$ cat upload_14.cif   # mmCIF, C-alpha atoms
data_my_file
#
loop_
_atom_site.label_atom_id
_atom_site.label_comp_id
_atom_site.auth_asym_id
_atom_site.auth_seq_id
_atom_site.Cartn_x
_atom_site.Cartn_y
_atom_site.Cartn_z
CA MET A 1375 8.73 6.82 -4.94
CA TYR A 1376 8.60 7.25 -1.17
CA GLY A 1377 6.30 4.75 0.49
CA ASP A 1378 6.82 1.98 -2.07
CA ALA A 1379 9.07 0.03 0.28
CA GLY A 1380 6.44 0.40 2.99
CA ALA A 1381 3.74 -0.99 0.70
CA LYS A 1382 5.99 -3.95 -0.06
CA LEU A 1383 6.52 -4.60 3.64
CA VAL A 1384 2.79 -4.55 4.33
CA GLY A 1385 2.26 -6.84 1.35
CA GLN A 1386 4.63 -9.27 3.02
CA ALA A 1387 2.75 -8.92 6.31
CA LYS A 1388 -0.45 -9.76 4.50
CA ARG A 1389 1.13 -12.85 3.01
CA ALA A 1390 2.49 -13.86 6.41
CA GLN A 1391 -1.03 -13.86 7.86
CA THR A 1392 -2.03 -16.73 5.60
CA LEU A 1393 1.08 -18.84 6.18
CA THR A 1394 1.39 -21.42 8.92
CA ASN A 1395 5.06 -20.65 9.41
CA LEU A 1396 6.36 -17.29 10.44
CA PRO A 1397 8.52 -16.06 7.56
CA PRO A 1398 11.95 -14.58 8.31
CA TYR A 1399 12.15 -11.03 9.60
CA LEU A 1400 12.82 -8.64 6.73
CA THR A 1401 15.73 -6.77 8.27
CA GLU A 1402 16.86 -5.26 4.99
CA LEU A 1403 13.47 -3.87 3.99
CA VAL A 1404 12.83 -2.45 7.44
CA ARG A 1405 16.21 -0.77 7.31
CA THR A 1406 15.44 0.71 3.87
CA ILE A 1407 12.24 2.23 5.22
CA THR A 1408 13.81 3.70 8.34
CA ARG A 1409 16.55 5.15 6.17
CA GLU A 1410 13.86 6.68 3.95
CA VAL A 1411 12.26 8.31 6.98
CA ARG A 1412 15.62 9.69 8.06
CA ASP A 1413 16.23 11.11 4.58
CA LEU A 1414 12.82 12.72 4.54
CA ASP A 1415 13.38 14.22 7.95
CA LYS A 1416 16.66 15.66 6.75
CA ASP A 1417 14.94 17.10 3.68
CA VAL A 1418 12.36 18.79 5.87
CA ALA A 1419 15.07 20.25 8.09
CA ASP A 1420 16.95 21.52 5.01
CA LEU A 1421 13.81 23.05 3.56
CA LEU A 1422 12.95 24.87 6.75
CA GLU A 1423 16.46 25.99 7.49
CA PRO A 1424 16.47 29.26 5.49
CA PHE A 1425 13.25 30.38 7.19
CA GLN A 1426 14.78 30.44 10.66
CA GLY A 1427 11.66 29.13 12.33
CA SER A 1428 9.29 31.72 10.92
CA PHE A 1429 7.77 29.81 8.02
CA HIS A 1430 4.33 30.87 6.83
CA PRO A 1431 2.67 28.34 4.52
CA SER A 1432 0.74 31.04 2.67
CA ASP A 1433 3.91 32.86 1.61
CA ASP A 1434 5.51 29.94 -0.14
CA GLN A 1435 2.96 27.41 -1.20
CA ALA A 1436 5.27 25.22 -3.24
CA THR A 1437 7.46 24.67 -0.20
CA ALA A 1438 4.42 24.14 1.98
CA CYS A 1439 3.23 21.42 -0.39
CA THR A 1440 6.64 19.76 -0.48
CA LEU A 1441 6.72 19.75 3.30
CA LEU A 1442 3.27 18.23 3.42
CA VAL A 1443 4.26 15.50 0.97
CA ASN A 1444 7.39 14.71 2.98
CA HIS A 1445 5.48 14.66 6.20
CA LEU A 1446 2.78 12.39 4.82
CA SER A 1447 5.41 10.03 3.43
CA MET A 1448 7.04 9.77 6.85
CA ARG A 1449 3.70 9.17 8.51
CA ARG A 1450 2.85 6.52 5.97
CA ASN A 1451 6.16 4.74 6.51
CA LYS A 1452 5.60 4.78 10.24
CA ARG A 1453 2.20 3.18 9.80
CA CYS A 1454 3.62 0.48 7.51
CA LEU A 1455 6.40 -0.34 9.95
CA LEU A 1456 4.09 -0.48 12.94
CA ALA A 1457 1.56 -2.65 11.12
CA TYR A 1458 4.26 -5.10 10.04
CA HIS A 1459 5.61 -5.46 13.53
CA ARG A 1460 2.16 -5.72 15.01
CA VAL A 1461 1.32 -8.63 12.71
CA ARG A 1462 4.48 -10.37 13.85
CA THR A 1463 4.12 -9.71 17.56
CA ASP A 1464 0.51 -10.92 17.44
CA ARG A 1465 1.83 -14.09 15.92
CA LEU A 1466 4.53 -14.46 18.55
CA GLU A 1467 2.02 -13.99 21.35
CA GLU A 1468 -0.13 -16.69 19.81
CA LEU A 1469 2.89 -18.99 19.75
CA VAL A 1470 3.62 -18.30 23.40
CA TRP A 1471 0.01 -19.10 24.33
CA ASN A 1472 0.42 -22.36 22.45
CA SER A 1473 3.31 -23.20 24.77
CA TYR A 1474 6.14 -22.56 22.39
CA ASP A 1475 9.15 -20.75 23.70
CA VAL A 1476 12.17 -19.34 21.99
CA VAL A 1477 14.22 -22.46 22.66
CA ASP A 1478 11.42 -24.65 21.28
CA LEU A 1479 11.43 -22.67 18.08
CA ALA A 1480 15.15 -23.16 17.72
CA GLY A 1481 14.79 -26.89 18.20
CA GLN A 1482 11.81 -27.14 15.90
CA GLN A 1483 13.79 -27.05 12.69
CA VAL A 1484 16.02 -29.87 13.82
CA ARG A 1485 13.01 -31.96 14.76
CA ASP A 1486 11.21 -31.20 11.53
CA GLY A 1487 14.27 -32.40 9.70
CA SER A 1488 14.20 -35.73 11.53
CA GLY A 1489 10.70 -36.76 10.51
CA GLY A 1490 8.28 -34.08 11.69
CA MET A 1491 5.33 -35.14 13.81
CA ASN A 1492 3.10 -33.38 16.29
CA GLY A 1493 0.19 -32.92 13.90
CA GLY A 1494 1.82 -30.07 12.03
CA GLY A 1495 2.13 -27.75 15.03
CA SER A 1496 0.51 -24.37 14.57
CA GLY A 1497 3.60 -22.32 13.94
CA ASP A 1498 7.08 -23.69 13.62
CA GLY A 1499 9.39 -20.85 12.78
CA GLY A 1500 12.88 -21.57 13.91
CA THR A 1501 14.70 -18.72 15.60
CA GLY A 1502 16.28 -17.97 12.26
CA SER A 1503 13.07 -16.14 11.36
CA LEU A 1504 13.06 -13.89 14.42
CA CYS A 1505 15.15 -10.82 14.89
CA PRO A 1506 16.96 -10.42 18.24
CA GLN A 1507 14.36 -7.93 19.48
CA GLU A 1508 11.58 -10.35 18.67
CA GLU A 1509 13.33 -13.13 20.57
CA ASP A 1510 13.55 -10.79 23.49
CA TYR A 1511 9.90 -9.86 23.15
CA MET A 1512 8.92 -13.49 23.09
CA ARG A 1513 11.01 -14.31 26.13
CA GLN A 1514 9.55 -11.47 28.13
CA TYR A 1515 6.02 -12.27 27.02
CA SER A 1516 6.55 -15.88 28.13
CA ASP A 1517 7.60 -14.57 31.53
CA LEU A 1518 4.52 -12.40 31.73
CA LEU A 1519 2.26 -15.25 30.79
CA ALA A 1520 3.95 -17.55 33.31
CA ALA A 1521 3.46 -14.96 36.03
CA TYR A 1522 -0.18 -14.58 35.04
CA LYS A 1523 -0.76 -18.30 34.99
CA GLY A 1524 0.98 -18.67 38.33
CA GLN A 1525 -1.96 -17.05 40.08
CA TRP A 1526 -4.11 -20.12 39.51
CA THR A 1527 -2.38 -23.32 40.44
CA ASP A 1528 -5.31 -25.66 39.93
CA ILE A 1529 -6.12 -24.69 36.35
CA ASP A 1530 -3.87 -24.68 33.29
CA LEU A 1531 -4.82 -21.66 31.23
CA THR A 1532 -2.89 -22.83 28.20
CA GLY A 1533 -4.10 -26.40 28.45
CA SER A 1534 -6.02 -28.08 25.67
CA LEU A 1535 -9.70 -27.19 25.34
CA GLU A 1536 -10.50 -30.62 23.97
CA PRO A 1537 -11.84 -32.85 26.71
CA PRO A 1538 -9.61 -35.97 26.87
CA ARG A 1539 -11.25 -39.24 25.85
CA ASP A 1540 -9.00 -41.27 28.11
CA LEU A 1541 -7.11 -40.32 31.19
CA PHE A 1542 -4.22 -42.55 30.22
CA ILE A 1543 -2.55 -42.71 26.85
CA ASP A 1544 0.23 -44.59 25.15
CA VAL A 1545 3.20 -42.49 24.20
CA ARG A 1546 6.43 -43.20 22.39
CA VAL A 1547 9.55 -41.27 23.28
CA LEU A 1548 11.09 -39.58 20.26
CA LYS A 1549 14.14 -38.21 21.99
CA ASP A 1550 15.65 -38.43 25.43
CA ALA A 1551 13.87 -36.19 27.88
CA GLY A 1552 15.36 -37.37 31.16
CA GLU A 1553 13.36 -38.25 34.20
CA ILE A 1554 9.91 -36.88 34.97
CA GLN A 1555 7.94 -37.06 38.19
CA THR A 1556 4.36 -38.29 38.11
CA GLU A 1557 1.82 -39.25 40.71
CA TYR A 1558 2.87 -42.86 40.27
CA GLY A 1559 6.56 -42.27 40.68
CA ALA A 1560 9.37 -41.27 38.39
CA ILE A 1561 9.65 -42.37 34.75
CA THR A 1562 12.85 -42.17 32.76
CA LEU A 1563 12.10 -41.21 29.18
CA THR A 1564 14.68 -42.80 26.93
CA LYS A 1565 14.46 -42.70 23.18
CA ASN A 1566 12.24 -45.25 21.42
CA SER A 1567 10.70 -46.59 24.61
CA GLN A 1568 6.95 -46.69 25.11
CA PHE A 1569 4.86 -45.77 28.15
CA TYR A 1570 1.29 -45.83 29.36
CA VAL A 1571 0.97 -42.56 31.27
CA ARG A 1572 -1.54 -40.00 32.41
CA GLN A 1573 -2.21 -37.51 29.63
CA GLY A 1574 -2.02 -34.50 31.93
CA ASP A 1575 1.52 -35.40 32.96
CA VAL A 1576 2.96 -35.45 29.48
CA GLU A 1577 0.84 -32.96 27.54
CA ARG A 1578 3.55 -30.38 27.46
CA LEU A 1579 6.20 -32.86 26.39
CA ILE A 1580 3.97 -33.89 23.50
CA ALA A 1581 3.53 -30.26 22.47
CA GLN A 1582 7.28 -29.80 22.57
CA GLY A 1583 7.81 -32.84 20.41
CA TYR A 1584 9.63 -35.06 22.89
CA LEU A 1585 6.83 -37.60 22.93
CA GLN A 1586 4.46 -38.91 20.33
CA LYS A 1587 0.93 -39.91 21.21
CA LEU A 1588 -0.06 -43.35 19.94
CA SER A 1589 -3.69 -43.81 19.09
CA MET B 976 -10.82 -0.03 9.95
CA SER B 977 -7.98 0.22 12.40
CA TYR B 978 -4.61 1.90 12.19
CA TYR B 979 -2.88 -1.48 12.07
CA ASP B 980 -5.26 -3.07 9.58
CA VAL B 981 -3.10 -4.51 6.83
CA ASP B 982 -5.91 -4.44 4.28
CA ALA B 983 -6.71 -0.81 5.02
CA ILE B 984 -3.06 0.07 4.49
CA LEU B 985 -2.99 -1.77 1.18
CA THR B 986 -6.20 -0.04 0.11
CA ASP B 987 -4.51 3.24 0.90
CA SER B 988 -1.78 2.53 -1.62
CA GLU B 989 -4.23 2.29 -4.52
CA LYS B 990 -3.45 5.04 -6.99
CA VAL B 991 -5.78 7.90 -7.79
CA PRO B 992 -5.26 10.42 -10.59
CA CYS B 993 -4.47 13.90 -9.22
CA LYS B 994 -4.02 17.15 -11.08
CA PHE B 995 -1.57 19.57 -9.50
CA GLU B 996 -2.84 23.12 -9.17
CA LEU B 997 0.51 24.83 -8.74
CA GLU B 998 4.10 24.44 -9.82
CA ILE B 999 6.40 22.81 -7.29
CA ALA B 1000 10.11 22.68 -7.92
CA GLN B 1001 11.06 19.85 -5.55
CA LEU B 1002 8.35 17.35 -6.38
CA GLY B 1003 9.41 16.44 -9.92
CA TYR B 1004 10.10 12.88 -8.72
CA LEU B 1005 6.37 12.28 -8.39
CA ASP B 1006 6.21 12.47 -12.19
CA ASN B 1007 9.33 10.32 -12.58
CA ASP B 1008 11.55 13.27 -13.43
CA PRO B 1009 13.36 14.63 -10.38
CA ALA B 1010 15.32 17.14 -12.43
CA GLN B 1011 12.25 19.03 -13.66
CA PRO B 1012 9.80 20.97 -11.53
CA LEU B 1013 6.30 19.58 -11.34
CA LYS B 1014 4.23 21.86 -13.61
CA THR B 1015 0.78 23.20 -12.91
CA GLY B 1016 -1.82 20.96 -14.46
CA THR B 1017 0.28 17.80 -14.49
CA THR B 1018 -1.76 14.70 -13.75
CA VAL B 1019 -0.03 12.08 -11.66
CA GLY B 1020 -1.30 8.87 -10.15
CA LEU B 1021 -0.77 9.27 -6.43
CA PRO B 1022 -1.48 6.70 -3.73
CA LEU B 1023 -4.58 7.44 -1.73
CA TRP B 1024 -2.71 8.17 1.51
CA LEU B 1025 -0.97 11.06 -0.21
CA ALA B 1026 -3.71 12.19 -2.56
CA GLU B 1027 -6.47 12.44 0.04
CA LEU B 1028 -4.70 14.84 2.37
CA LEU B 1029 -3.18 16.87 -0.46
CA ALA B 1030 -6.66 17.38 -1.82
CA LEU B 1031 -8.15 18.20 1.56
CA ALA B 1032 -5.42 20.54 2.78
CA ASN B 1033 -6.51 24.09 2.12
CA ARG B 1034 -3.93 26.58 1.10
CA ALA B 1035 -4.56 30.20 1.83
CA PRO B 1036 -5.58 32.31 -1.17
CA SER B 1037 -2.61 34.11 -2.65
CA SER B 1038 -4.67 37.22 -3.33
CA SER B 1039 -7.86 38.42 -1.73
CA ASP B 1040 -10.09 37.81 -4.75
CA GLU B 1041 -9.13 34.17 -5.01
CA ASP B 1042 -10.90 31.37 -3.17
CA ALA B 1043 -9.02 28.98 -0.94
CA LYS B 1044 -7.92 26.05 -3.06
CA SER B 1045 -6.17 22.78 -2.43
CA PHE B 1046 -2.84 21.63 -3.85
CA VAL B 1047 -4.32 19.01 -6.13
CA SER B 1048 -7.69 18.18 -7.56
CA LEU B 1049 -8.77 14.58 -7.38
CA ASN B 1050 -10.38 12.49 -10.04
CA LEU B 1051 -12.07 9.15 -9.83
CA PRO B 1052 -9.67 6.24 -10.40
CA PRO B 1053 -10.12 4.11 -13.54
CA ALA B 1054 -11.58 1.31 -11.41
CA LEU B 1055 -14.62 3.50 -10.76
CA SER B 1056 -14.85 4.94 -14.26
CA ASN B 1057 -18.05 5.07 -16.30
CA GLU B 1058 -17.09 2.02 -18.36
CA VAL B 1059 -16.68 -0.17 -15.32
CA MET B 1060 -19.87 1.19 -13.80
CA SER B 1061 -21.93 0.44 -16.89
CA ALA B 1062 -20.41 -3.04 -17.09
CA LEU B 1063 -21.41 -3.60 -13.47
CA LYS B 1064 -24.86 -2.27 -14.14
CA ALA B 1065 -25.25 -4.76 -16.99
CA ASP B 1066 -24.09 -7.81 -15.07
CA PRO B 1067 -22.19 -7.59 -11.79
CA ARG B 1068 -21.15 -11.23 -12.03
CA ALA B 1069 -19.35 -10.89 -15.34
CA VAL B 1070 -16.79 -8.31 -14.18
CA PRO B 1071 -13.58 -9.61 -12.61
CA LEU B 1072 -13.29 -6.96 -9.90
CA ARG B 1073 -9.78 -8.04 -9.00
CA ASP B 1074 -8.53 -6.83 -12.37
CA GLN B 1075 -9.88 -3.37 -11.58
CA SER B 1076 -8.37 -3.17 -8.15
CA HIS B 1077 -7.32 -5.70 -5.53
CA ASN B 1078 -9.29 -3.74 -2.96
CA PHE B 1079 -12.15 -2.67 -5.16
CA TYR B 1080 -14.79 -2.04 -2.49
CA GLY B 1081 -12.24 -0.59 -0.09
CA LEU B 1082 -11.21 1.89 -2.76
CA GLY B 1083 -14.85 2.57 -3.55
CA THR B 1084 -15.71 3.38 0.05
CA ARG B 1085 -12.71 5.64 0.43
CA MET B 1086 -13.50 7.50 -2.78
CA LEU B 1087 -17.17 7.89 -1.94
CA ASP B 1088 -16.14 9.54 1.32
CA LEU B 1089 -14.61 12.24 -0.84
CA PHE B 1090 -17.05 12.36 -3.75
CA GLU B 1091 -20.77 12.84 -3.77
CA GLU B 1092 -21.72 10.10 -6.25
CA ALA B 1093 -25.05 8.57 -5.33
CA GLU B 1094 -25.14 6.50 -8.50
CA ILE B 1095 -21.77 4.81 -8.00
CA CYS B 1096 -22.76 4.12 -4.42
CA ALA B 1097 -25.98 2.43 -5.54
CA ILE B 1098 -24.19 0.38 -8.20
CA LEU B 1099 -21.49 -0.79 -5.79
CA ARG B 1100 -24.07 -1.81 -3.24
CA LYS B 1101 -26.09 -3.76 -5.75
CA THR B 1102 -22.93 -5.37 -7.12
CA PHE B 1103 -21.87 -6.52 -3.68
CA VAL B 1104 -25.24 -8.02 -2.83
CA THR B 1105 -25.57 -9.81 -6.16
CA ARG B 1106 -22.07 -11.19 -6.03
CA ALA B 1107 -22.30 -12.16 -2.37
CA ALA B 1108 -25.00 -14.70 -3.20
CA ASP B 1109 -22.78 -16.22 -5.85
CA ILE B 1110 -19.80 -16.25 -3.55
CA ALA B 1111 -21.77 -18.15 -0.93
CA LEU B 1112 -22.74 -20.64 -3.60
CA HIS B 1113 -19.18 -21.16 -4.78
CA ALA B 1114 -17.88 -21.45 -1.22
CA ARG B 1115 -20.39 -24.19 -0.53
CA LYS B 1116 -19.54 -26.05 -3.73
CA ALA B 1117 -15.82 -25.83 -3.15
CA GLY B 1118 -16.40 -27.46 0.22
CA GLY B 1119 -18.31 -30.44 -1.18
CA ALA B 1120 -17.00 -31.61 -4.52
CA GLU B 1121 -13.54 -30.09 -4.39
CA ASP B 1122 -12.58 -30.20 -8.08
CA LEU B 1123 -16.01 -29.83 -9.67
CA GLY B 1124 -16.77 -26.54 -7.94
CA ALA B 1125 -13.33 -25.22 -8.65
CA ILE B 1126 -13.66 -25.75 -12.38
CA ALA B 1127 -17.20 -24.45 -12.76
CA GLY B 1128 -16.61 -21.16 -11.00
CA GLU B 1129 -12.90 -20.76 -11.58
CA ASP B 1130 -13.10 -17.51 -13.49
CA PHE B 1131 -15.48 -15.96 -11.06
CA VAL B 1132 -13.48 -17.02 -8.02
CA ARG B 1133 -10.29 -15.69 -9.54
CA GLY B 1134 -11.99 -12.34 -10.16
CA MET B 1135 -12.91 -11.78 -6.53
CA GLU B 1136 -11.33 -8.85 -4.73
CA GLU B 1137 -10.14 -8.87 -1.12
CA TRP B 1138 -13.44 -8.33 0.69
CA GLU B 1139 -15.01 -11.00 -1.42
CA ARG B 1140 -12.16 -13.38 -0.76
CA LEU B 1141 -12.67 -12.88 2.95
CA LEU B 1142 -16.36 -13.53 2.54
CA PHE B 1143 -15.60 -16.64 0.50
CA LYS B 1144 -13.19 -17.91 3.12
CA ASN B 1145 -15.63 -17.32 5.96
CA ALA B 1146 -18.47 -18.98 4.08
CA HIS B 1147 -16.22 -21.90 3.26
CA ASP B 1148 -15.06 -22.27 6.87
CA GLY B 1149 -18.65 -22.02 8.00
CA VAL B 1150 -19.72 -24.92 5.80
CA LYS B 1151 -16.74 -26.95 6.95
CA GLY B 1152 -17.41 -26.14 10.59
CA THR B 1153 -21.06 -27.16 10.36
CA LYS B 1154 -20.07 -30.41 8.74
CA ALA B 1155 -17.51 -31.22 11.42
CA TRP B 1156 -20.07 -30.43 14.11
CA MET B 1157 -22.72 -32.59 12.50
CA GLU B 1158 -20.32 -35.51 12.39
CA GLY B 1159 -19.48 -34.97 16.04
CA VAL B 1160 -23.15 -35.06 16.95
CA LYS B 1161 -23.68 -38.37 15.18
CA LYS B 1162 -20.78 -39.98 17.00
CA HIS B 1163 -22.04 -39.44 20.53
#

$ encode --input "upload_14.cif" --output "structure tokens"
Amino acid sequence: MYGDAGAKLVGQAKRAQTLTNLPPYLTELVRTITREVRDLDKDVADLLEPFQGSFHPSDDQATACTLLVNHLSMRRNKRCLLAYHRVRTDRLEELVWNSYDVVDLAGQQVRDGSGGMNGGGSGDGGTGSLCPQEEDYMRQYSDLLAAYKGQWTDIDLTGSLEPPRDLFIDVRVLKDAGEIQTEYGAITLTKNSQFYVRQGDVERLIAQGYLQKLS
Amino acid sequence: MSYYDVDAILTDSEKVPCKFELEIAQLGYLDNDPAQPLKTGTTVGLPLWLAELLALANRAPSSSDEDAKSFVSLNLPPALSNEVMSALKADPRAVPLRDQSHNFYGLGTRMLDLFEEAEICAILRKTFVTRAADIALHARKAGGAEDLGAIAGEDFVRGMEEWERLLFKNAHDGVKGTKAWMEGVKKH
């Protein structure tokens, strides 16, 4: 029946809300639903065709009812599709606020494979689970957020809300990250080396999984 | 309830029995038989999103002595039938609501928008209040002794529908949150 595919999609969206990882985009199912809408639209056009634009619902009630059913099915499908995408974009925005970007997500899977760390980061998807439009959305949202954050240079809006216990922490380098500039000069981060650095300088590198915090 | 609310959408796909009031040639597929026209008087289970508007849409009377009627007439879904209601009246805690419908209260609210059933309304309200106390209890237990609580209330917890699950989760998180906070206070 029409609308069944939509219900399935929303069921998946519901499931996705409880998962820590963003499940892959359901291209096939979305396509099925859009095709269904197109079919329904064609049906409506075919039904109305003989009336030449002068259709009176009271004259032909069976047709009127069929049209109503088709219309409602299309409307329902639209709602299902929008809700599914909304759940996903909400999730992507959350990821962006947590300082993930599209490239991070791509690298995440590789890192997870080589002994995941980083306290089970809030949402590691891997770009495999995004569709091209979603990648685009995420990229543009990152730009927006960066522009927004740029207005305040002395406060990091996406910074951690936990007050740090120590200003300086020990970190271990998990993979080469090149040279970074700090107040105390430049440090070269080479794999497996250990540093005692200011937390604020390396927070982002920790979030991205380049460094591991040692307690 | 918002347009994008996933739970509201899922509630909308709960099926409601509808009786068609006229014969429609093209809608045979609703009764699983696309080749045949849908006959007058056929009862089909239609999802709420379709049933509600079909029942509300008025069609013009075909002759002057006939009243305006709708395409279908709605009936109460089995989840809100007399049997279920009397079971709930007897003991709200003993009925696994999830078996009736995954969105039992959601369905109930939607149906009561359409039907004037003061009694069902009263029963549902009493059921929710009675069960809510139990849910809070189970949520608290599940937080403390993980396995003990799970075994004691397993059947009940499994029989919770979506609203109740949400309530359970919130209660559970609340207990956990308080505990974490208390520990933080002691540390400093």

$ residues_near_point --input "upload_14.cif" --point "(14.7, -12.8, 8.3)" --cutoff "9 Å" --atoms "only C-alpha atoms" --output "list in words"
Pro1397, Pro1398, Tyr1399, Leu1400, Thr1401, Glu1402, Gly1502, Ser1503, Leu1504 and Cys1505 of chain A

$ closest_residue --input "upload_14.cif" --among "A:Lys1523, A:Leu1442, A:Ala1457, A:Leu1393" --to "Leu985 of chain B" --atoms "all atoms listed in the file"
A:Ala1457

$ resolve_selection --input "upload_14.cif" --expression "the PyMOL selection byres ((chain B) within 8 of (chain A))" --output "JSON, numbers by chain"
{"B": [978, 979, 980, 981, 982, 984, 985, 988, 997, 998, 999, 1000, 1001, 1002, 1004, 1005, 1024, 1025, 1029, 1034, 1035, 1036, 1037, 1046]}

$ resolve_selection --input "upload_14.cif" --expression "the PyMOL selection byres ((chain B and resi 1014) around 10)" --output "VMD selection string"
chain B and resid 994 to 1000 1002 to 1003 1006 1011 to 1013 1015 to 1018

$ atom_distance --input "upload_14.cif" --atom1 "atom CA of Pro1052 of chain B" --atom2 "atom CA of Ala1030 of chain B"
14.4 Å

$ closest_residue --input "upload_14.cif" --among "B:Leu1049, B:Ala1032, B:Ala1114, B:Asp1088" --to "Val1150 of chain B" --atoms "only C-alpha atoms"
B:Ala1114

$ resolve_selection --input "upload_14.cif" --expression "the PyMOL selection byres ((chain B and resi 1095) around 10)" --output "PyMOL selection string"
chain B and resi 1055-1057+1060-1061+1064+1083+1087+1090-1094+1096-1101

$ atom_distance --input "upload_14.cif" --atom1 "atom CA of Glu1139 of chain B" --atom2 "atom CA of Arg1106 of chain B"
8.4 Å

$ atom_distance --input "upload_14.cif" --atom1 "atom CA of Leu1141 of chain B" --atom2 "atom CA of Val1059 of chain B"
22.6 Å

$ closest_residue --input "upload_14.cif" --among "A:Lys1452, A:Phe1429, A:Tyr1558, A:Glu1423" --to "Arg1409 of chain A" --atoms "only C-alpha atoms"
A:Lys1452

$ residues_around --input "upload_14.cif" --residues "Glu1553 of chain A" --least-positions-apart "2" --cutoff "6 Å" --atoms "all atoms listed in the file" --output "PyMOL selection string"
chain A and resi 1561-1563

$ write_last_selection --input "upload_14.cif" --atoms "C-alpha atoms" --output "PDB file, in the frame of the given file"
ATOM      1  CA  ILE A1561       9.650 -42.370  34.750  1.00  0.00           C
ATOM      2  CA  THR A1562      12.850 -42.170  32.760  1.00  0.00           C
ATOM      3  CA  LEU A1563      12.100 -41.210  29.180  1.00  0.00           C
TER       4      LEU A1563
END
